[in-house]
$ cat model-v6.pdb   # PDB, C-alpha atoms, pLDDT in the B column
ATOM      1  CA  MET A   1       0.000   0.000   0.000  1.00 74.00           C
ATOM      2  CA  PRO A   2       1.372   3.461  -0.845  1.00 94.00           C
ATOM      3  CA  VAL A   3       2.913   5.550   1.914  1.00 97.00           C
ATOM      4  CA  ALA A   4       0.192   8.203   1.585  1.00 97.00           C
ATOM      5  CA  ASP A   5      -2.550   5.625   2.169  1.00 97.00           C
ATOM      6  CA  ASN A   6      -0.712   4.133   5.135  1.00 97.00           C
ATOM      7  CA  THR A   7      -0.258   7.590   6.636  1.00 98.00           C
ATOM      8  CA  ALA A   8      -3.961   8.392   6.285  1.00 98.00           C
ATOM      9  CA  ILE A   9      -4.907   5.128   8.023  1.00 98.00           C
ATOM     10  CA  VAL A  10      -2.411   5.790  10.810  1.00 98.00           C
ATOM     11  CA  ARG A  11      -3.817   9.265  11.391  1.00 98.00           C
ATOM     12  CA  GLU A  12      -7.326   7.816  11.708  1.00 98.00           C
ATOM     13  CA  ARG A  13      -6.072   5.315  14.283  1.00 98.00           C
ATOM     14  CA  ILE A  14      -4.254   8.045  16.204  1.00 98.00           C
ATOM     15  CA  HIS A  15      -7.433  10.119  16.268  1.00 98.00           C
ATOM     16  CA  ALA A  16      -9.534   7.205  17.524  1.00 98.00           C
ATOM     17  CA  ALA A  17      -6.988   6.349  20.231  1.00 98.00           C
ATOM     18  CA  ALA A  18      -6.869   9.958  21.375  1.00 98.00           C
ATOM     19  CA  LEU A  19     -10.660  10.000  21.687  1.00 97.00           C
ATOM     20  CA  ARG A  20     -10.610   6.810  23.748  1.00 96.00           C
ATOM     21  CA  GLY A  21      -8.019   8.326  26.053  1.00 96.00           C
ATOM     22  CA  GLY A  22      -9.865  11.628  26.404  1.00 97.00           C
ATOM     23  CA  ARG A  23      -6.972  13.353  24.644  1.00 96.00           C
ATOM     24  CA  ASN A  24      -6.709  16.120  22.068  1.00 95.00           C
ATOM     25  CA  VAL A  25      -5.333  14.551  18.892  1.00 95.00           C
ATOM     26  CA  ASP A  26      -3.352  17.736  18.244  1.00 96.00           C
ATOM     27  CA  ASP A  27      -1.260  16.866  21.310  1.00 97.00           C
ATOM     28  CA  VAL A  28       0.078  13.712  19.626  1.00 98.00           C
ATOM     29  CA  THR A  29       2.955  14.037  17.158  1.00 98.00           C
ATOM     30  CA  LEU A  30       3.368  11.457  14.416  1.00 98.00           C
ATOM     31  CA  MET A  31       7.030  10.616  13.887  1.00 98.00           C
ATOM     32  CA  ALA A  32       7.913   8.517  10.843  1.00 98.00           C
ATOM     33  CA  VAL A  33      10.811   6.196  11.640  1.00 98.00           C
ATOM     34  CA  SER A  34      12.817   6.276   8.448  1.00 96.00           C
ATOM     35  CA  LYS A  35      15.777   4.021   9.246  1.00 93.00           C
ATOM     36  CA  THR A  36      16.727   1.940   6.165  1.00 93.00           C
ATOM     37  CA  VAL A  37      14.060   3.843   4.208  1.00 95.00           C
ATOM     38  CA  PRO A  38      15.240   5.389   0.909  1.00 95.00           C
ATOM     39  CA  PRO A  39      14.832   9.136   0.308  1.00 96.00           C
ATOM     40  CA  GLU A  40      11.989   8.690  -2.183  1.00 96.00           C
ATOM     41  CA  LEU A  41       9.778   7.021   0.432  1.00 96.00           C
ATOM     42  CA  ILE A  42      10.698   9.610   3.040  1.00 97.00           C
ATOM     43  CA  ARG A  43       9.665  12.248   0.526  1.00 97.00           C
ATOM     44  CA  ALA A  44       6.347  10.434   0.000  1.00 97.00           C
ATOM     45  CA  ALA A  45       5.672  10.589   3.744  1.00 98.00           C
ATOM     46  CA  TYR A  46       6.548  14.297   3.723  1.00 98.00           C
ATOM     47  CA  LEU A  47       4.126  14.895   0.864  1.00 97.00           C
ATOM     48  CA  ALA A  48       1.496  13.039   2.923  1.00 97.00           C
ATOM     49  CA  GLY A  49       1.938  15.622   5.659  1.00 97.00           C
ATOM     50  CA  VAL A  50       4.520  14.035   7.962  1.00 98.00           C
ATOM     51  CA  ARG A  51       7.010  16.572   9.274  1.00 98.00           C
ATOM     52  CA  VAL A  52       8.887  14.729  12.024  1.00 98.00           C
ATOM     53  CA  PHE A  53      11.240  11.881  11.179  1.00 98.00           C
ATOM     54  CA  GLY A  54      13.331   9.570  13.346  1.00 98.00           C
ATOM     55  CA  GLU A  55      16.625   7.980  12.330  1.00 97.00           C
ATOM     56  CA  ASN A  56      18.591   5.304  14.185  1.00 95.00           C
ATOM     57  CA  ARG A  57      22.068   5.632  12.718  1.00 95.00           C
ATOM     58  CA  VAL A  58      24.148   8.742  12.226  1.00 96.00           C
ATOM     59  CA  GLN A  59      26.142   7.375   9.299  1.00 95.00           C
ATOM     60  CA  GLU A  60      23.083   6.131   7.424  1.00 95.00           C
ATOM     61  CA  PHE A  61      21.297   9.456   7.717  1.00 96.00           C
ATOM     62  CA  ALA A  62      24.411  11.389   6.706  1.00 96.00           C
ATOM     63  CA  LYS A  63      24.261   9.590   3.363  1.00 95.00           C
ATOM     64  CA  LYS A  64      20.576  10.437   2.830  1.00 95.00           C
ATOM     65  CA  ILE A  65      20.360  14.024   3.997  1.00 95.00           C
ATOM     66  CA  HIS A  66      21.710  15.523   0.774  1.00 94.00           C
ATOM     67  CA  ALA A  67      18.724  14.135  -1.146  1.00 96.00           C
ATOM     68  CA  LEU A  68      16.304  15.595   1.419  1.00 96.00           C
ATOM     69  CA  ARG A  69      17.638  19.071   2.133  1.00 93.00           C
ATOM     70  CA  ASP A  70      14.820  20.729   0.188  1.00 95.00           C
ATOM     71  CA  LEU A  71      12.275  19.443   2.742  1.00 96.00           C
ATOM     72  CA  SER A  72      12.801  22.703   4.571  1.00 87.00           C
ATOM     73  CA  ASN A  73      10.454  22.335   7.532  1.00 94.00           C
ATOM     74  CA  ALA A  74      11.104  18.655   8.201  1.00 97.00           C
ATOM     75  CA  GLU A  75      12.476  17.800  11.660  1.00 97.00           C
ATOM     76  CA  TRP A  76      15.137  15.110  11.890  1.00 98.00           C
ATOM     77  CA  HIS A  77      15.478  13.345  15.240  1.00 98.00           C
ATOM     78  CA  MET A  78      18.094  10.829  16.332  1.00 98.00           C
ATOM     79  CA  ILE A  79      16.180   8.063  18.119  1.00 97.00           C
ATOM     80  CA  GLY A  80      18.710   5.225  18.182  1.00 94.00           C
ATOM     81  CA  HIS A  81      21.492   4.563  20.661  1.00 94.00           C
ATOM     82  CA  LEU A  82      24.179   7.192  20.191  1.00 94.00           C
ATOM     83  CA  GLN A  83      27.833   6.580  20.936  1.00 93.00           C
ATOM     84  CA  THR A  84      29.708   9.518  22.388  1.00 93.00           C
ATOM     85  CA  ASN A  85      32.174   9.524  19.470  1.00 95.00           C
ATOM     86  CA  LYS A  86      29.243  10.253  17.123  1.00 95.00           C
ATOM     87  CA  ALA A  87      27.969  13.183  19.177  1.00 96.00           C
ATOM     88  CA  ALA A  88      29.526  15.897  17.025  1.00 96.00           C
ATOM     89  CA  LYS A  89      28.035  14.546  13.807  1.00 96.00           C
ATOM     90  CA  ALA A  90      24.660  14.006  15.489  1.00 97.00           C
ATOM     91  CA  ALA A  91      24.626  17.591  16.738  1.00 97.00           C
ATOM     92  CA  GLU A  92      25.337  18.742  13.199  1.00 96.00           C
ATOM     93  CA  LEU A  93      22.649  16.639  11.480  1.00 97.00           C
ATOM     94  CA  PHE A  94      19.719  16.538  13.908  1.00 97.00           C
ATOM     95  CA  VAL A  95      17.488  19.024  15.699  1.00 98.00           C
ATOM     96  CA  ALA A  96      16.955  16.603  18.576  1.00 98.00           C
ATOM     97  CA  VAL A  97      18.399  13.477  20.164  1.00 98.00           C
ATOM     98  CA  ASP A  98      15.645  11.427  21.772  1.00 98.00           C
ATOM     99  CA  SER A  99      17.829   8.693  23.286  1.00 96.00           C
ATOM    100  CA  ILE A 100      20.075  10.158  25.990  1.00 97.00           C
ATOM    101  CA  ASP A 101      21.124   7.410  28.394  1.00 96.00           C
ATOM    102  CA  SER A 102      24.056   8.883  30.327  1.00 96.00           C
ATOM    103  CA  LEU A 103      25.343  12.160  31.713  1.00 97.00           C
ATOM    104  CA  ARG A 104      28.563  11.652  29.746  1.00 97.00           C
ATOM    105  CA  LEU A 105      26.644  11.558  26.470  1.00 97.00           C
ATOM    106  CA  ALA A 106      24.606  14.609  27.455  1.00 98.00           C
ATOM    107  CA  GLN A 107      27.762  16.546  28.237  1.00 98.00           C
ATOM    108  CA  ARG A 108      29.368  15.538  24.957  1.00 97.00           C
ATOM    109  CA  LEU A 109      26.269  16.594  23.017  1.00 98.00           C
ATOM    110  CA  ASN A 110      26.162  19.885  24.881  1.00 98.00           C
ATOM    111  CA  SER A 111      29.725  20.663  23.810  1.00 98.00           C
ATOM    112  CA  SER A 112      29.017  19.570  20.239  1.00 97.00           C
ATOM    113  CA  ALA A 113      25.852  21.676  20.071  1.00 97.00           C
ATOM    114  CA  GLN A 114      27.779  24.679  21.359  1.00 97.00           C
ATOM    115  CA  GLN A 115      30.378  24.220  18.628  1.00 96.00           C
ATOM    116  CA  ALA A 116      27.588  23.881  16.051  1.00 94.00           C
ATOM    117  CA  GLY A 117      25.979  27.074  17.324  1.00 96.00           C
ATOM    118  CA  LYS A 118      22.626  25.481  18.103  1.00 96.00           C
ATOM    119  CA  LYS A 119      20.421  24.143  20.870  1.00 96.00           C
ATOM    120  CA  LEU A 120      19.452  20.476  20.724  1.00 98.00           C
ATOM    121  CA  GLY A 121      16.164  19.069  21.912  1.00 98.00           C
ATOM    122  CA  ILE A 122      16.741  16.129  24.253  1.00 97.00           C
ATOM    123  CA  LEU A 123      14.713  13.210  25.578  1.00 98.00           C
ATOM    124  CA  ILE A 124      16.029  10.901  28.278  1.00 98.00           C
ATOM    125  CA  GLU A 125      15.629   7.237  27.350  1.00 98.00           C
ATOM    126  CA  ILE A 126      14.201   5.181  30.194  1.00 97.00           C
ATOM    127  CA  ASN A 127      14.659   1.410  30.287  1.00 95.00           C
ATOM    128  CA  VAL A 128      11.291   0.996  31.923  1.00 93.00           C
ATOM    129  CA  GLY A 129      11.299  -2.800  31.603  1.00 90.00           C
ATOM    130  CA  GLY A 130      14.750  -3.249  33.130  1.00 86.00           C
ATOM    131  CA  GLU A 131      15.938  -5.278  30.138  1.00 88.00           C
ATOM    132  CA  ALA A 132      19.660  -5.977  30.095  1.00 85.00           C
ATOM    133  CA  ALA A 133      19.791  -6.006  26.290  1.00 85.00           C
ATOM    134  CA  LYS A 134      18.346  -2.500  25.973  1.00 89.00           C
ATOM    135  CA  THR A 135      19.899   0.901  26.483  1.00 89.00           C
ATOM    136  CA  GLY A 136      18.357   3.587  28.645  1.00 94.00           C
ATOM    137  CA  VAL A 137      18.570   4.500  32.309  1.00 95.00           C
ATOM    138  CA  ALA A 138      16.542   2.820  35.020  1.00 94.00           C
ATOM    139  CA  PRO A 139      13.596   4.852  36.372  1.00 93.00           C
ATOM    140  CA  GLU A 140      15.081   5.243  39.868  1.00 88.00           C
ATOM    141  CA  SER A 141      18.751   5.212  38.901  1.00 92.00           C
ATOM    142  CA  GLN A 142      21.520   7.532  40.048  1.00 95.00           C
ATOM    143  CA  GLU A 143      22.365   8.153  36.388  1.00 96.00           C
ATOM    144  CA  LEU A 144      18.918   9.610  35.750  1.00 97.00           C
ATOM    145  CA  GLU A 145      19.279  11.871  38.767  1.00 97.00           C
ATOM    146  CA  LYS A 146      22.712  12.994  37.589  1.00 97.00           C
ATOM    147  CA  ILE A 147      21.288  14.017  34.224  1.00 97.00           C
ATOM    148  CA  LEU A 148      18.408  15.888  35.851  1.00 97.00           C
ATOM    149  CA  GLN A 149      20.664  17.735  38.273  1.00 97.00           C
ATOM    150  CA  ALA A 150      23.130  18.663  35.522  1.00 97.00           C
ATOM    151  CA  ALA A 151      20.451  20.226  33.296  1.00 97.00           C
ATOM    152  CA  PRO A 152      21.175  23.875  34.233  1.00 96.00           C
ATOM    153  CA  SER A 153      24.808  23.462  33.169  1.00 97.00           C
ATOM    154  CA  LEU A 154      23.844  21.931  29.815  1.00 97.00           C
ATOM    155  CA  GLU A 155      23.040  25.285  28.256  1.00 97.00           C
ATOM    156  CA  HIS A 156      22.935  24.012  24.673  1.00 98.00           C
ATOM    157  CA  LEU A 157      20.494  21.204  25.426  1.00 98.00           C
ATOM    158  CA  GLU A 158      16.761  21.472  26.022  1.00 97.00           C
ATOM    159  CA  ILE A 159      15.583  18.491  28.064  1.00 97.00           C
ATOM    160  CA  ARG A 160      11.975  18.094  26.970  1.00 97.00           C
ATOM    161  CA  GLY A 161      10.852  14.752  28.372  1.00 98.00           C
ATOM    162  CA  LEU A 162      11.221  10.986  28.302  1.00 98.00           C
ATOM    163  CA  MET A 163      11.310   8.151  25.783  1.00 98.00           C
ATOM    164  CA  THR A 164      10.960   4.398  26.181  1.00 97.00           C
ATOM    165  CA  ILE A 165      10.695   1.118  24.317  1.00 95.00           C
ATOM    166  CA  PRO A 166       8.796  -1.401  26.472  1.00 94.00           C
ATOM    167  CA  PRO A 167       9.442  -5.146  26.399  1.00 93.00           C
ATOM    168  CA  LEU A 168       8.159  -6.612  23.132  1.00 89.00           C
ATOM    169  CA  THR A 169       5.045  -8.764  23.507  1.00 88.00           C
ATOM    170  CA  ASP A 170       2.529 -10.316  21.131  1.00 89.00           C
ATOM    171  CA  ASP A 171      -0.294  -8.573  22.992  1.00 94.00           C
ATOM    172  CA  PRO A 172      -0.012  -4.752  22.862  1.00 93.00           C
ATOM    173  CA  GLN A 173      -2.110  -4.525  26.024  1.00 95.00           C
ATOM    174  CA  ARG A 174       0.802  -5.968  27.986  1.00 95.00           C
ATOM    175  CA  ALA A 175       2.772  -2.817  27.195  1.00 95.00           C
ATOM    176  CA  ARG A 176       0.208  -0.660  29.007  1.00 97.00           C
ATOM    177  CA  PRO A 177       1.783  -0.892  32.497  1.00 97.00           C
ATOM    178  CA  TYR A 178       5.149   0.213  31.089  1.00 96.00           C
ATOM    179  CA  PHE A 179       3.607   3.185  29.303  1.00 97.00           C
ATOM    180  CA  ARG A 180       1.754   4.092  32.467  1.00 97.00           C
ATOM    181  CA  ARG A 181       4.940   3.887  34.520  1.00 97.00           C
ATOM    182  CA  LEU A 182       6.726   6.256  32.145  1.00 97.00           C
ATOM    183  CA  ARG A 183       3.882   8.750  32.351  1.00 97.00           C
ATOM    184  CA  GLU A 184       4.002   8.547  36.151  1.00 97.00           C
ATOM    185  CA  LEU A 185       7.762   9.131  36.085  1.00 97.00           C
ATOM    186  CA  GLN A 186       7.263  12.129  33.800  1.00 97.00           C
ATOM    187  CA  GLU A 187       4.732  13.535  36.243  1.00 97.00           C
ATOM    188  CA  GLU A 188       7.013  12.859  39.229  1.00 96.00           C
ATOM    189  CA  ILE A 189       9.889  14.727  37.602  1.00 97.00           C
ATOM    190  CA  GLY A 190       7.598  17.504  36.416  1.00 95.00           C
ATOM    191  CA  THR A 191       6.301  18.224  39.919  1.00 96.00           C
ATOM    192  CA  ARG A 192       9.880  18.836  41.082  1.00 94.00           C
ATOM    193  CA  GLN A 193      10.087  21.867  38.772  1.00 93.00           C
ATOM    194  CA  LEU A 194      13.773  21.338  38.140  1.00 94.00           C
ATOM    195  CA  PRO A 195      15.579  24.164  36.318  1.00 94.00           C
ATOM    196  CA  GLY A 196      16.361  23.490  32.668  1.00 92.00           C
ATOM    197  CA  ILE A 197      13.794  20.696  32.328  1.00 95.00           C
ATOM    198  CA  SER A 198      10.332  20.995  30.790  1.00 93.00           C
ATOM    199  CA  MET A 199       9.016  17.366  30.787  1.00 95.00           C
ATOM    200  CA  THR A 200       6.375  18.114  28.148  1.00 97.00           C
ATOM    201  CA  VAL A 201       7.214  15.236  25.786  1.00 98.00           C
ATOM    202  CA  LEU A 202       6.424  11.572  26.317  1.00 98.00           C
ATOM    203  CA  SER A 203       7.737   9.584  23.353  1.00 98.00           C
ATOM    204  CA  MET A 204       6.323   6.070  23.482  1.00 98.00           C
ATOM    205  CA  GLY A 205       4.495   3.738  21.158  1.00 97.00           C
ATOM    206  CA  MET A 206       5.562   2.100  17.914  1.00 97.00           C
ATOM    207  CA  SER A 207       3.709   0.456  15.040  1.00 96.00           C
ATOM    208  CA  HIS A 208       2.439  -2.516  17.078  1.00 95.00           C
ATOM    209  CA  ASP A 209       1.371  -0.689  20.245  1.00 96.00           C
ATOM    210  CA  PHE A 210       0.997   3.042  19.541  1.00 98.00           C
ATOM    211  CA  GLU A 211      -2.738   3.139  20.236  1.00 97.00           C
ATOM    212  CA  ILE A 212      -2.226   1.834  23.775  1.00 97.00           C
ATOM    213  CA  ALA A 213       0.585   4.379  24.232  1.00 98.00           C
ATOM    214  CA  ILE A 214      -1.684   7.242  23.185  1.00 98.00           C
ATOM    215  CA  GLU A 215      -4.372   6.084  25.595  1.00 98.00           C
ATOM    216  CA  GLU A 216      -1.716   6.195  28.336  1.00 97.00           C
ATOM    217  CA  GLY A 217      -0.511   9.704  27.517  1.00 97.00           C
ATOM    218  CA  SER A 218       2.047   9.522  24.709  1.00 98.00           C
ATOM    219  CA  THR A 219       2.719  12.843  22.992  1.00 98.00           C
ATOM    220  CA  CYS A 220       4.854  11.327  20.215  1.00 98.00           C
ATOM    221  CA  VAL A 221       4.456   7.949  18.504  1.00 98.00           C
ATOM    222  CA  ARG A 222       7.339   6.543  16.460  1.00 98.00           C
ATOM    223  CA  LEU A 223       5.999   4.608  13.479  1.00 98.00           C
ATOM    224  CA  GLY A 224       8.030   2.838  10.832  1.00 97.00           C
ATOM    225  CA  THR A 225       6.335  -0.304   9.543  1.00 96.00           C
ATOM    226  CA  ALA A 226       2.845   1.222   9.832  1.00 97.00           C
ATOM    227  CA  ILE A 227       3.888   3.959   7.398  1.00 97.00           C
ATOM    228  CA  PHE A 228       6.567   2.443   5.184  1.00 96.00           C
ATOM    229  CA  GLY A 229       5.658  -1.261   5.383  1.00 91.00           C
ATOM    230  CA  GLU A 230       8.027  -4.088   6.144  1.00 84.00           C
ATOM    231  CA  ARG A 231      11.621  -3.239   5.387  1.00 72.00           C
ATOM    232  CA  LYS A 232      14.915  -4.963   4.850  1.00 60.00           C
ATOM    233  CA  MET A 233      17.268  -4.322   7.728  1.00 50.00           C
ATOM    234  CA  LEU A 234      20.759  -3.140   6.876  1.00 45.00           C
TER     235      LEU A 234
END

$ encode --input "model-v6.pdb" --output "structure tokens"
Amino acid sequence: MPVADNTAIVRERIHAAALRGGRNVDDVTLMAVSKTVPPELIRAAYLAGVRVFGENRVQEFAKKIHALRDLSNAEWHMIGHLQTNKAAKAAELFVAVDSIDSLRLAQRLNSSAQQAGKKLGILIEINVGGEAAKTGVAPESQELEKILQAAPSLEHLEIRGLMTIPPLTDDPQRARPYFRRLRELQEEIGTRQLPGISMTVLSMGMSHDFEIAIEEGSTCVRLGTAIFGERKML
């Protein structure tokens, strides 16, 4: 099915999920996950109205960006695990990094953003399921607290909220407690009114579970397969 048709169906599902959750659909951002997706399909999603895109690999996106530079108001987010030695290139290519999992990485990005003369949007990745194979900080970890406390000194970063990928299950309903826990953590941090932190973004939900995520408060769903179809992994 063409990307435009897929996008229209996705938007209908987002709207229905927002209604079920008593949410305003305008408060939910659709992010198209374009890893391994060629520029022509990314362009098709753009023409279908998508403006926010998520990439997983710095090097892969660096090869594609030249074919997409005319999409002037598109936002490019880094959503995959970022190594500190790729921070400078990430700060150059992206408007936001939605996968911060250590203070060291945040500090490196802050320096890189300063050198690039820009301010990067930041989400802290939370390993809400405690899975050893996944990146992200634990909800009650010292590392999370270090990042939060360091926010005022990270003048070239704007910490906007949290991101998570829950444990994968066949039943999307089983992801609900993890989404709920992330929302609760967002609220807990928000009530502390920490300087340099806004906690307005809750990035959770992918192609198989985004409707549950919206019902639980997601403000950004990251959809790849639902928009672009099945893809060949690089």

$ residues_around --input "model-v6.pdb" --residues "Glu215 of chain A" --least-positions-apart "6" --cutoff "10 Å" --atoms "only C-alpha atoms" --output "PyMOL selection string"
chain A and resi 14+16-23+176+179-180

$ resolve_selection --input "model-v6.pdb" --expression "the PyMOL selection byres ((chain A and resi 164) around 8)" --output "PyMOL selection string"
chain A and resi 125-128+136+162-163+165-166+182+203-204

$ write_last_selection --input "model-v6.pdb" --atoms "C-alpha atoms" --output "PDB file, in the coordinates of the input"
ATOM      1  CA  GLU A 125      15.629   7.237  27.350  1.00 98.00           C
ATOM      2  CA  ILE A 126      14.201   5.181  30.194  1.00 97.00           C
ATOM      3  CA  ASN A 127      14.659   1.410  30.287  1.00 95.00           C
ATOM      4  CA  VAL A 128      11.291   0.996  31.923  1.00 93.00           C
ATOM      5  CA  GLY A 136      18.357   3.587  28.645  1.00 94.00           C
ATOM      6  CA  LEU A 162      11.221  10.986  28.302  1.00 98.00           C
ATOM      7  CA  MET A 163      11.310   8.151  25.783  1.00 98.00           C
ATOM      8  CA  ILE A 165      10.695   1.118  24.317  1.00 95.00           C
ATOM      9  CA  PRO A 166       8.796  -1.401  26.472  1.00 94.00           C
ATOM     10  CA  LEU A 182       6.726   6.256  32.145  1.00 97.00           C
ATOM     11  CA  SER A 203       7.737   9.584  23.353  1.00 98.00           C
ATOM     12  CA  MET A 204       6.323   6.070  23.482  1.00 98.00           C
TER      13      MET A 204
END

$ closest_residue --input "model-v6.pdb" --among "A:Met78, A:Val221, A:Leu148, A:Val25" --to "Val201 of chain A" --atoms "all atoms listed in the file"
A:Val221

$ resolve_selection --input "model-v6.pdb" --expression "the PyMOL selection byres ((chain A and resi 2) around 9)" --output "list in words"
Met1, Val3, Ala4, Asp5, Asn6, Thr7, Ala44, Ile227, Phe228 and Gly229 of chain A

$ resolve_selection --input "model-v6.pdb" --expression "the PyMOL selection byres ((chain A and resi 218) around 7)" --output "VMD selection string"
chain A and resid 28 202 to 204 213 to 214 216 to 217 219 to 221

$ closest_residue --input "model-v6.pdb" --among "A:Arg51, A:Leu30, A:Thr191, A:Lys63" --to "Glu12 of chain A" --atoms "all atoms listed in the file"
A:Leu30

$ atom_distance --input "model-v6.pdb" --atom1 "atom CA of Thr135 of chain A" --atom2 "atom CA of Thr29 of chain A"
23.4 Å

$ closest_residue --input "model-v6.pdb" --among "A:Glu145, A:Glu75, A:Glu158, A:Asp209" --to "Thr225 of chain A" --atoms "all atoms listed in the file"
A:Asp209

$ atom_distance --input "model-v6.pdb" --atom1 "atom CA of Leu194 of chain A" --atom2 "atom CA of Ile122 of chain A"
15.1 Å

$ closest_residue --input "model-v6.pdb" --among "A:Lys118, A:Ala113, A:Leu103, A:Arg160" --to "Ser141 of chain A" --atoms "only C-alpha atoms"
A:Leu103

$ atom_distance --input "model-v6.pdb" --atom1 "atom CA of Arg57 of chain A" --atom2 "atom CA of Pro39 of chain A"
14.8 Å

$ closest_residue --input "model-v6.pdb" --among "A:Ile159, A:Val33, A:Ala138, A:Asp70" --to "Phe53 of chain A" --atoms "only C-alpha atoms"
A:Val33

$ closest_atom_pairs --input "model-v6.pdb" --of "segment 8-65 of chain A" --to "segment 83-87 of chain A" --cutoff "12 Å" --atoms "all atoms listed in the file" --output "Markdown table"
| residue | atom | partner | partner_atom | distance |
| --- | --- | --- | --- | --- |
| A:Asn56 | CA | A:Gln83 | CA | 11.5 |
| A:Arg57 | CA | A:Lys86 | CA | 9.6 |
| A:Val58 | CA | A:Lys86 | CA | 7.2 |
| A:Gln59 | CA | A:Lys86 | CA | 8.9 |
| A:Ala62 | CA | A:Lys86 | CA | 11.5 |

$ closest_residue --input "model-v6.pdb" --among "A:Met31, A:Leu168, A:Leu82, A:Leu223" --to "Arg104 of chain A" --atoms "all atoms listed in the file"
A:Leu82

$ residues_around --input "model-v6.pdb" --residues "Trp76 of chain A" --least-positions-apart "5" --cutoff "8 Å" --atoms "only C-alpha atoms" --output "list of chain:residue names"
A:Val52, A:Phe53, A:Gly54, A:Glu55, A:Leu93, A:Phe94, A:Val95, A:Ala96
